[in-house]
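Below is protein04.pdb, holding PDB, C-alpha atoms.
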```
ATOM      1  CA  MET A   1      15.852 -10.048 -28.390
ATOM      2  CA  ASN A   2      13.239 -12.476 -27.203
ATOM      3  CA  GLY A   3      14.732 -12.269 -23.708
ATOM      4  CA  ASN A   4      14.444  -8.470 -23.745
ATOM      5  CA  VAL A   5      10.766  -8.688 -24.707
ATOM      6  CA  GLN A   6      10.226 -10.982 -21.723
ATOM      7  CA  LEU A   7      12.093  -8.576 -19.484
ATOM      8  CA  GLN A   8      10.171  -5.501 -20.639
ATOM      9  CA  PRO A   9       7.382  -5.702 -17.978
ATOM     10  CA  ILE A  10      10.039  -6.215 -15.283
ATOM     11  CA  ILE A  11      12.041  -3.197 -16.467
ATOM     12  CA  GLU A  12       8.858  -1.108 -16.548
ATOM     13  CA  GLU A  13       8.020  -2.145 -12.977
ATOM     14  CA  ILE A  14      11.578  -1.367 -11.814
ATOM     15  CA  ASN A  15      11.420   2.057 -13.492
ATOM     16  CA  TYR A  16       8.097   2.724 -11.797
ATOM     17  CA  LEU A  17       9.276   1.634  -8.329
ATOM     18  CA  LEU A  18      12.455   3.700  -8.564
ATOM     19  CA  ALA A  19      10.558   6.766  -9.807
ATOM     20  CA  LYS A  20       8.103   6.355  -6.932
ATOM     21  CA  ARG A  21      10.993   6.085  -4.471
ATOM     22  CA  ARG A  22      12.635   9.241  -5.856
ATOM     23  CA  GLN A  23       9.323  11.095  -5.624
ATOM     24  CA  ARG A  24       8.904   9.931  -2.025
ATOM     25  CA  LEU A  25      12.408  11.021  -1.097
ATOM     26  CA  VAL A  26      11.699  14.496  -2.453
ATOM     27  CA  GLU A  27       8.350  14.775  -0.701
ATOM     28  CA  ARG A  28       9.617  12.935   2.388
ATOM     29  CA  PRO A  29       6.584  12.897   4.687
ATOM     30  CA  ARG A  30       7.350  12.598   8.403
ATOM     31  CA  LEU A  31       5.221  11.794  11.399
ATOM     32  CA  ILE A  32       5.643  14.296  14.207
ATOM     33  CA  VAL A  33       4.508  13.500  17.744
ATOM     34  CA  VAL A  34       4.326  16.541  20.010
ATOM     35  CA  HIS A  35       4.737  16.044  23.763
ATOM     36  CA  GLY A  36       3.815  18.732  26.251
ATOM     37  CA  HIS A  37       4.605  19.458  29.898
ATOM     38  CA  HIS A  38       8.161  18.335  29.421
ATOM     39  CA  GLN A  39      10.307  18.603  32.548
ATOM     40  CA  ALA A  40      13.530  16.820  31.691
ATOM     41  CA  VAL A  41      16.548  18.191  29.900
ATOM     42  CA  ARG A  42      16.052  15.637  27.163
ATOM     43  CA  ASP A  43      14.262  12.354  26.438
ATOM     44  CA  CYS A  44      10.667  11.563  27.236
ATOM     45  CA  VAL A  45       9.792  11.059  30.897
ATOM     46  CA  PRO A  46       6.570  10.008  32.633
ATOM     47  CA  GLY A  47       4.161  12.818  33.339
ATOM     48  CA  GLU A  48       4.293  14.406  29.905
ATOM     49  CA  THR A  49       1.252  14.834  27.703
ATOM     50  CA  ILE A  50       0.785  13.839  24.082
ATOM     51  CA  GLU A  51      -0.453  17.064  22.559
ATOM     52  CA  GLN A  52      -0.643  16.328  18.873
ATOM     53  CA  VAL A  53       0.326  13.950  16.093
ATOM     54  CA  CYS A  54       0.994  15.568  12.723
ATOM     55  CA  VAL A  55       2.135  14.658   9.242
ATOM     56  CA  SER A  56       4.828  16.981   7.969
ATOM     57  CA  VAL A  57       5.513  17.323   4.234
ATOM     58  CA  GLY A  58       8.068  19.937   3.255
ATOM     59  CA  SER A  59       7.099  23.060   5.149
ATOM     60  CA  ARG A  60       3.508  21.912   5.687
ATOM     61  CA  VAL A  61       2.402  20.443   8.978
ATOM     62  CA  ILE A  62      -0.977  18.741   8.951
ATOM     63  CA  PRO A  63      -2.370  17.810  12.384
ATOM     64  CA  LEU A  64      -4.319  14.566  12.702
ATOM     65  CA  CYS A  65      -7.665  14.692  14.467
ATOM     66  CA  LEU A  66      -7.201  11.922  17.021
ATOM     67  CA  SER A  67      -8.807  11.313  20.399
ATOM     68  CA  PRO A  68      -6.564  11.168  23.520
ATOM     69  CA  THR A  69      -6.501   7.360  23.249
ATOM     70  CA  GLY A  70      -5.783   7.599  19.526
ATOM     71  CA  LEU A  71      -2.871   9.951  20.280
ATOM     72  CA  MET A  72      -1.539   7.498  22.839
ATOM     73  CA  ILE A  73      -1.665   4.564  20.402
ATOM     74  CA  ALA A  74      -0.017   6.634  17.659
ATOM     75  CA  ASP A  75       2.689   7.598  20.173
ATOM     76  CA  VAL A  76       3.325   3.963  21.141
ATOM     77  CA  ILE A  77       3.764   2.928  17.495
ATOM     78  CA  ALA A  78       5.941   5.960  16.680
ATOM     79  CA  GLN A  79       8.171   5.543  19.747
ATOM     80  CA  ARG A  80       8.736   1.822  19.103
ATOM     81  CA  LYS A  81       9.632   2.313  15.414
ATOM     82  CA  PRO A  82      10.946   0.275  13.551
ATOM     83  CA  MET A  83       9.456  -2.520  15.658
ATOM     84  CA  ALA A  84       6.102  -3.807  14.453
ATOM     85  CA  LEU A  85       3.570  -4.070  17.279
ATOM     86  CA  THR A  86       0.447  -6.169  17.563
ATOM     87  CA  ALA A  87      -2.652  -4.889  19.375
ATOM     88  CA  THR A  88      -1.673  -7.113  22.312
ATOM     89  CA  HIS A  89       1.798  -5.550  22.443
ATOM     90  CA  ILE A  90       0.287  -2.074  22.402
ATOM     91  CA  GLU A  91      -2.181  -3.008  25.148
ATOM     92  CA  ARG A  92       0.663  -4.326  27.338
ATOM     93  CA  ILE A  93       2.870  -1.291  26.724
ATOM     94  CA  ILE A  94       0.060   1.093  27.665
ATOM     95  CA  ALA A  95      -0.712  -0.965  30.772
ATOM     96  CA  SER A  96       2.890  -1.226  31.983
ATOM     97  CA  ASP A  97       5.091   1.586  30.619
ATOM     98  CA  PRO A  98       5.407   4.392  33.219
ATOM     99  CA  PHE A  99       5.211   6.985  30.422
ATOM    100  CA  TYR A 100       1.634   5.909  29.645
ATOM    101  CA  LEU A 101       0.692   5.052  33.238
ATOM    102  CA  ARG A 102       1.545   8.610  34.286
ATOM    103  CA  LEU A 103       0.500  10.215  31.021
ATOM    104  CA  GLY A 104      -0.398  13.862  31.521
ATOM    105  CA  ALA A 105       0.406  13.809  35.271
ATOM    106  CA  ASN A 106       2.402  17.039  34.905
ATOM    107  CA  ALA A 107      -0.614  18.850  33.510
ATOM    108  CA  VAL A 108      -3.099  20.749  35.642
ATOM    109  CA  TRP A 109      -5.984  18.782  34.217
ATOM    110  CA  ALA A 110      -4.284  15.455  34.916
ATOM    111  CA  GLN A 111      -6.897  12.735  34.622
ATOM    112  CA  ARG A 112      -6.528  10.223  37.432
ATOM    113  CA  ASP A 113      -8.672   7.337  36.208
ATOM    114  CA  ARG A 114      -7.816   7.073  32.551
ATOM    115  CA  LYS A 115      -9.519   4.168  30.826
ATOM    116  CA  ARG A 116      -6.994   1.832  29.204
ATOM    117  CA  PRO A 117      -7.788   0.645  25.676
ATOM    118  CA  THR A 118      -8.308  -3.066  25.160
ATOM    119  CA  ARG A 119      -6.886  -5.175  22.359
ATOM    120  CA  ARG A 120     -10.158  -5.001  20.447
ATOM    121  CA  SER A 121     -10.557  -1.241  20.785
ATOM    122  CA  ILE A 122      -6.908  -0.706  19.796
ATOM    123  CA  LYS A 123      -7.692  -2.170  16.372
ATOM    124  CA  VAL A 124     -10.480   0.385  15.948
ATOM    125  CA  PHE A 125      -8.158   3.218  16.998
ATOM    126  CA  ILE A 126      -5.580   2.014  14.482
ATOM    127  CA  GLN A 127      -8.221   2.134  11.737
ATOM    128  CA  ARG A 128      -9.060   5.703  12.759
ATOM    129  CA  PHE A 129      -5.370   6.615  12.859
ATOM    130  CA  ARG A 130      -5.028   5.259   9.323
ATOM    131  CA  GLN A 131      -8.102   7.202   8.164
ATOM    132  CA  GLN A 132      -6.602  10.401   9.528
ATOM    133  CA  LEU A 133      -3.290   9.624   7.851
ATOM    134  CA  GLY A 134      -5.157   9.132   4.568
ATOM    135  CA  LYS A 135      -6.837  12.526   4.912
ATOM    136  CA  ALA A 136      -3.518  14.214   5.712
ATOM    137  CA  LEU A 137      -1.757  12.563   2.776
ATOM    138  CA  THR A 138      -4.547  13.645   0.432
ATOM    139  CA  GLU A 139      -4.405  17.171   1.840
ATOM    140  CA  ALA A 140      -0.654  17.232   1.264
ATOM    141  CA  GLY A 141      -1.226  16.056  -2.317
ATOM    142  CA  LEU A 142       0.870  12.930  -1.888
ATOM    143  CA  ALA A 143       0.322   9.843  -4.024
ATOM    144  CA  MET A 144       0.748   7.600  -0.985
ATOM    145  CA  ARG A 145      -1.771   5.314   0.605
ATOM    146  CA  PRO A 146      -2.153   5.358   4.409
ATOM    147  CA  GLU A 147      -1.404   1.612   4.351
ATOM    148  CA  GLU A 148       2.092   2.509   3.134
ATOM    149  CA  VAL A 149       2.602   4.818   6.111
ATOM    150  CA  LEU A 150       1.016   2.679   8.812
ATOM    151  CA  VAL A 151       1.964  -0.747   7.560
ATOM    152  CA  SER A 152       0.181  -3.959   8.588
ATOM    153  CA  GLU A 153       2.295  -7.064   8.740
ATOM    154  CA  SER A 154       1.229 -10.630   9.260
ATOM    155  CA  THR A 155       2.814 -12.555  12.110
ATOM    156  CA  ASP A 156       3.367 -16.270  12.590
ATOM    157  CA  LEU A 157       0.187 -16.346  14.682
ATOM    158  CA  LEU A 158      -3.066 -16.916  12.841
ATOM    159  CA  ASN A 159      -5.024 -13.687  12.177
ATOM    160  CA  VAL A 160      -2.641 -11.586  14.266
ATOM    161  CA  THR A 161      -1.437  -8.427  12.567
ATOM    162  CA  ALA A 162       1.420  -6.198  13.629
ATOM    163  CA  TYR A 163       1.607  -2.477  12.833
ATOM    164  CA  ARG A 164       4.540  -0.157  12.260
ATOM    165  CA  VAL A 165       5.108   3.317  10.869
ATOM    166  CA  ALA A 166       7.139   3.243   7.654
ATOM    167  CA  ILE A 167       8.017   6.946   7.451
ATOM    168  CA  PRO A 168      10.501   8.841   9.641
ATOM    169  CA  CYS A 169       9.093   9.787  13.037
ATOM    170  CA  GLU A 170      10.082  12.741  15.154
ATOM    171  CA  LEU A 171       9.280  13.472  18.783
ATOM    172  CA  VAL A 172       9.010  17.161  19.588
ATOM    173  CA  HIS A 173       8.759  18.593  23.103
ATOM    174  CA  LEU A 174       6.915  21.784  23.857
ATOM    175  CA  GLY A 175       8.374  23.891  26.669
ATOM    176  CA  GLY A 176       5.542  23.262  29.115
ATOM    177  CA  THR A 177       7.366  23.253  32.459
ATOM    178  CA  ALA A 178       5.746  26.509  33.615
ATOM    179  CA  ASP A 179       2.282  25.100  33.219
ATOM    180  CA  ARG A 180       2.426  22.946  36.326
ATOM    181  CA  ARG A 181       0.634  24.480  39.215
TER     182      ARG A 181
ATOM    183  CA  MET B   1      21.965   7.345  -9.911
ATOM    184  CA  SER B   2      19.656   4.661  -8.512
ATOM    185  CA  HIS B   3      21.271   1.464  -7.341
ATOM    186  CA  VAL B   4      19.566  -1.842  -8.126
ATOM    187  CA  LEU B   5      20.637  -5.110  -6.533
ATOM    188  CA  ILE B   6      19.657  -8.247  -8.451
ATOM    189  CA  VAL B   7      19.560 -11.595  -6.654
ATOM    190  CA  ASP B   8      19.230 -14.406  -9.156
ATOM    191  CA  SER B   9      20.772 -17.856  -9.336
ATOM    192  CA  ASP B  10      20.421 -18.029 -13.154
ATOM    193  CA  LEU B  11      23.606 -16.438 -14.494
ATOM    194  CA  ILE B  12      22.273 -15.928 -18.043
ATOM    195  CA  HIS B  13      19.111 -14.278 -16.807
ATOM    196  CA  ILE B  14      21.009 -12.097 -14.356
ATOM    197  CA  ALA B  15      23.266 -10.847 -17.189
ATOM    198  CA  GLU B  16      20.272 -10.020 -19.407
ATOM    199  CA  LEU B  17      18.542  -8.140 -16.629
ATOM    200  CA  ARG B  18      21.724  -6.291 -15.686
ATOM    201  CA  ASP B  19      22.321  -5.189 -19.312
ATOM    202  CA  ALA B  20      18.716  -4.041 -19.671
ATOM    203  CA  LEU B  21      18.915  -1.984 -16.483
ATOM    204  CA  GLN B  22      22.303  -0.500 -17.295
ATOM    205  CA  ALA B  23      20.763   0.808 -20.519
ATOM    206  CA  PHE B  24      18.628   3.005 -18.236
ATOM    207  CA  HIS B  25      21.816   4.226 -16.514
ATOM    208  CA  TYR B  26      21.099   2.476 -13.255
ATOM    209  CA  ARG B  27      23.945   1.259 -11.125
ATOM    210  CA  VAL B  28      23.462  -2.510 -10.980
ATOM    211  CA  THR B  29      24.963  -5.045  -8.575
ATOM    212  CA  ALA B  30      24.276  -8.667  -9.418
ATOM    213  CA  CYS B  31      24.492 -11.482  -6.875
ATOM    214  CA  SER B  32      23.972 -15.123  -7.629
ATOM    215  CA  ASP B  33      23.547 -16.172  -4.017
ATOM    216  CA  GLN B  34      21.678 -14.751  -1.099
ATOM    217  CA  ARG B  35      24.621 -14.462   1.270
ATOM    218  CA  ARG B  36      26.446 -12.062  -1.053
ATOM    219  CA  ALA B  37      23.240 -10.133  -1.587
ATOM    220  CA  ILE B  38      22.801  -9.705   2.171
ATOM    221  CA  ASP B  39      26.376  -8.418   2.434
ATOM    222  CA  ALA B  40      25.731  -5.988  -0.422
ATOM    223  CA  VAL B  41      22.561  -4.624   1.206
ATOM    224  CA  ARG B  42      24.401  -4.172   4.509
ATOM    225  CA  THR B  43      27.436  -2.435   3.045
ATOM    226  CA  GLN B  44      26.057  -0.429   0.108
ATOM    227  CA  LEU B  45      23.258   2.034  -0.351
ATOM    228  CA  VAL B  46      20.676   0.122  -2.410
ATOM    229  CA  ASP B  47      17.434   1.607  -3.728
ATOM    230  CA  LEU B  48      15.764  -1.531  -5.001
ATOM    231  CA  VAL B  49      16.348  -5.247  -4.449
ATOM    232  CA  VAL B  50      15.131  -7.391  -7.347
ATOM    233  CA  MET B  51      14.774 -10.979  -6.214
ATOM    234  CA  VAL B  52      14.300 -13.428  -9.055
ATOM    235  CA  SER B  53      12.947 -16.790  -8.002
ATOM    236  CA  ALA B  54      11.828 -19.896  -9.844
ATOM    237  CA  SER B  55      10.749 -21.571  -6.635
ATOM    238  CA  THR B  56       7.048 -22.225  -6.108
ATOM    239  CA  THR B  57       6.982 -21.553  -2.388
ATOM    240  CA  GLY B  58      10.566 -20.788  -1.323
ATOM    241  CA  TRP B  59      10.452 -17.180  -2.540
ATOM    242  CA  LYS B  60       8.317 -16.124   0.435
ATOM    243  CA  ALA B  61      10.906 -17.191   3.007
ATOM    244  CA  GLU B  62      13.682 -15.465   1.026
ATOM    245  CA  ALA B  63      11.608 -12.323   0.617
ATOM    246  CA  GLU B  64      10.710 -12.297   4.300
ATOM    247  CA  LEU B  65      14.364 -12.630   5.262
ATOM    248  CA  PHE B  66      15.292  -9.676   3.052
ATOM    249  CA  ARG B  67      12.381  -7.605   4.260
ATOM    250  CA  ASP B  68      13.378  -8.145   7.903
ATOM    251  CA  LEU B  69      16.959  -7.274   7.048
ATOM    252  CA  VAL B  70      16.284  -4.097   5.073
ATOM    253  CA  ARG B  71      13.732  -2.808   7.564
ATOM    254  CA  GLN B  72      16.540  -2.140  10.024
ATOM    255  CA  LEU B  73      18.462  -0.023   7.506
ATOM    256  CA  PRO B  74      18.104   3.770   7.624
ATOM    257  CA  ASN B  75      17.181   4.148   3.947
ATOM    258  CA  SER B  76      15.587   0.775   3.470
ATOM    259  CA  PRO B  77      15.367  -0.329  -0.177
ATOM    260  CA  GLN B  78      12.171  -1.536  -1.742
ATOM    261  CA  ILE B  79      11.891  -5.182  -2.736
ATOM    262  CA  LEU B  80      10.589  -6.483  -6.042
ATOM    263  CA  CYS B  81      10.134 -10.220  -6.379
ATOM    264  CA  VAL B  82      10.106 -11.558  -9.938
ATOM    265  CA  LEU B  83       8.583 -15.031 -10.124
ATOM    266  CA  ARG B  84       9.723 -17.265 -12.963
ATOM    267  CA  LYS B  85       7.088 -19.940 -12.638
ATOM    268  CA  PRO B  86       3.638 -20.603 -14.070
ATOM    269  CA  TYR B  87       0.993 -18.132 -12.968
ATOM    270  CA  ASN B  88      -0.636 -19.433  -9.827
ATOM    271  CA  GLY B  89      -3.568 -17.081  -9.327
ATOM    272  CA  PRO B  90      -3.534 -13.963  -7.174
ATOM    273  CA  SER B  91      -2.212 -15.679  -4.038
ATOM    274  CA  ASP B  92       1.452 -14.811  -4.682
ATOM    275  CA  ARG B  93       0.714 -11.113  -5.115
ATOM    276  CA  LEU B  94      -1.499 -11.139  -2.045
ATOM    277  CA  ASP B  95       1.319 -12.770  -0.076
ATOM    278  CA  GLY B  96       3.626 -10.060  -1.425
ATOM    279  CA  ASP B  97       1.204  -7.366  -0.234
ATOM    280  CA  ARG B  98       1.213  -8.927   3.225
ATOM    281  CA  LEU B  99       4.998  -8.873   3.252
ATOM    282  CA  GLY B 100       5.095  -5.306   1.933
ATOM    283  CA  ILE B 101       6.867  -6.230  -1.309
ATOM    284  CA  THR B 102       5.889  -6.050  -4.971
ATOM    285  CA  VAL B 103       5.459  -9.350  -6.802
ATOM    286  CA  ILE B 104       5.331  -9.762 -10.579
ATOM    287  CA  TYR B 105       5.521 -12.743 -12.913
ATOM    288  CA  GLU B 106       7.956 -13.105 -15.766
ATOM    289  CA  ARG B 107       6.073 -14.598 -18.698
TER     290      ARG B 107
END
```
As structure tokens, how would this structure be written, given the file I've shared?
Amino acid sequence: MNGNVQLQPIIEEINYLLAKRRQRLVERPRLIVVHGHHQAVRDCVPGETIEQVCVSVGSRVIPLCLSPTGLMIADVIAQRKPMALTATHIERIIASDPFYLRLGANAVWAQRDRKRPTRRSIKVFIQRFRQQLGKALTEAGLAMRPEEVLVSESTDLLNVTAYRVAIPCELVHLGGTADRR
Amino acid sequence: MSHVLIVDSDLIHIAELRDALQAFHYRVTACSDQRRAIDAVRTQLVDLVVMVSASTTGWKAEAELFRDLVRQLPNSPQILCVLRKPYNGPSDRLDGDRLGITVIYER
């Protein structure tokens, strides 16, 4: 009996964690990244735009208010899921991946000299991304913290944090081929 | 029915915990070594991994190994680390937060 008394807090915690997991499975939030000006049959190709990043819960879709750079950083993290990325990784991907080098090239308003975010500014954009996630989760009435959606993980390097999205991500393409002029 | 995987090297403790959880109608798999636990996580659908550790520092490496393993799974289970050692201040729970796992003490 004494053993059971000792185990009681553990059982309570297990009950709580499993109930929370069940609740999350029912609510099942997803991160949706919407690409525009899509010209391929499938898959993402350079030249597309990142139109929107949304949180979807059930039938509700809540768009996040992110700047173009914020959208790009959210896209990098979502596309590389489940890999956790540091700010340096994100900076390198944006500077070298053809998808981001030619981002929006298919659009009429294609911006030629896009300013690339630096490692330091990426951290600020990630904070803003997390703030927007928090607002969306609150709006959806979910008992989830944004830190549980955009997870920070320590690395073996001192004071270097890696980020990953812990909910399912979906890439959606808008039929934007006719928009190119 | 939720599936709980217990990893604990203490066979008496593992039996007590298993009985207590089965009373709540959970499906419980008990493993006394980590290798079997890893196999179980890979081959079965697990909702929660309960790692019981009496080690002062070794639990972090074990927890990190499990976290890295389960992260690759489609429906990755949560991890609860139960520490069977004297309370050592908030550092263990903070380390757990950094690893993305829940840490509690058994007293």
Expressed in Å to a single decimal, how great is the separation between atom CA of A:Lys20 and atom CA of B:Ala54? 26.7 Å
Might you spell out which residues the PyMOL selection byres ((chain A and resi 52) around 8) would select in the displayed file, as JSON, numbers by chain? {"A": [33, 34, 35, 50, 51, 53, 54, 63, 64, 71]}
Based on only C-alpha atoms, which of the residues in chain A come within 9 Å of chain B? I want them as a list in words. Gly3, Asn4, Gln6, Leu7, Gln8, Pro9, Ile10, Ile11, Glu13, Ile14, Asn15, Leu17, Leu18, Arg21, Arg22, Pro82, Glu148, Val151, Ser152, Glu153, Ser154 and Ala166 of chain A
Selection file, C-alpha atoms, as a PDB file, in the frame of the given file:
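Resulting contents of out07.pdb:
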```pdb
ATOM      1  CA  GLY A   3      14.732 -12.269 -23.708  1.00  0.00           C
ATOM      2  CA  ASN A   4      14.444  -8.470 -23.745  1.00  0.00           C
ATOM      3  CA  GLN A   6      10.226 -10.982 -21.723  1.00  0.00           C
ATOM      4  CA  LEU A   7      12.093  -8.576 -19.484  1.00  0.00           C
ATOM      5  CA  GLN A   8      10.171  -5.501 -20.639  1.00  0.00           C
ATOM      6  CA  PRO A   9       7.382  -5.702 -17.978  1.00  0.00           C
ATOM      7  CA  ILE A  10      10.039  -6.215 -15.283  1.00  0.00           C
ATOM      8  CA  ILE A  11      12.041  -3.197 -16.467  1.00  0.00           C
ATOM      9  CA  GLU A  13       8.020  -2.145 -12.977  1.00  0.00           C
ATOM     10  CA  ILE A  14      11.578  -1.367 -11.814  1.00  0.00           C
ATOM     11  CA  ASN A  15      11.420   2.057 -13.492  1.00  0.00           C
ATOM     12  CA  LEU A  17       9.276   1.634  -8.329  1.00  0.00           C
ATOM     13  CA  LEU A  18      12.455   3.700  -8.564  1.00  0.00           C
ATOM     14  CA  ARG A  21      10.993   6.085  -4.471  1.00  0.00           C
ATOM     15  CA  ARG A  22      12.635   9.241  -5.856  1.00  0.00           C
ATOM     16  CA  PRO A  82      10.946   0.275  13.551  1.00  0.00           C
ATOM     17  CA  GLU A 148       2.092   2.509   3.134  1.00  0.00           C
ATOM     18  CA  VAL A 151       1.964  -0.747   7.560  1.00  0.00           C
ATOM     19  CA  SER A 152       0.181  -3.959   8.588  1.00  0.00           C
ATOM     20  CA  GLU A 153       2.295  -7.064   8.740  1.00  0.00           C
ATOM     21  CA  SER A 154       1.229 -10.630   9.260  1.00  0.00           C
ATOM     22  CA  ALA A 166       7.139   3.243   7.654  1.00  0.00           C
TER      23      ALA A 166
END
```
Find the axis-aligned box for stretch 68-85 of chain B, covering all its listed atoms and adding 5 Å on each side, and write its centre and edge lengths in Å to one decimal as lines of an AutoDock Vina configuration file.
```
center_x = 12.8
center_y = -7.9
center_z = -1.5
size_x = 21.4
size_y = 34.1
size_z = 33.0
```
List the neighbours of B:Leu5 out to 9 Å using all atoms listed in the file; skip same-chain residues closer than 3 positions along the sequence, and give me the result as a VMD selection string. chain B and resid 27 to 31 37 40 to 41 46 to 51
Near-A:Thr155 list (10 Å; all atoms listed in the file; drop same-chain fewer than 3 positions) as an MDAnalysis selection string: (chainID A and resid 84:86 152 158:162) or (chainID B and resid 98:99)
Please provide the set of residues having any atom within 10 Å of A:Glu147, restricted to only C-alpha atoms, with same-chain residues fewer than 6 positions apart removed, written as a list in words.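 Within the cut-off, the hits are Arg130, Gln131, Leu133, Gly134, Tyr163, Val165 and Ala166 of chain A; Gly100 of chain B.
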Between A:Ile122, A:Val108, A:Val55, A:Cys44, which one has atoms that come closest to A:Arg30, using only C-alpha atoms?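 With only C-alpha atoms as the atom set, the closest residue is A:Val55.
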Compare B:Gln22, B:Asn88, B:Gln34, B:Ser9 by their minimum atom-to-atom distance to B:Val52, counting all atoms listed in the file, and give me the closest one. B:Ser9
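With only C-alpha atoms as the atoms that count, the minimum distance from A:Gly70 to the choices A:Val124, A:Leu101, A:Leu150, A:Leu174 is reached by A:Val124.
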Could you work out how far atom CA of A:Pro146 lies from atom CA of A:Gly36, giving the answer in Å with one decimal? 26.3 Å
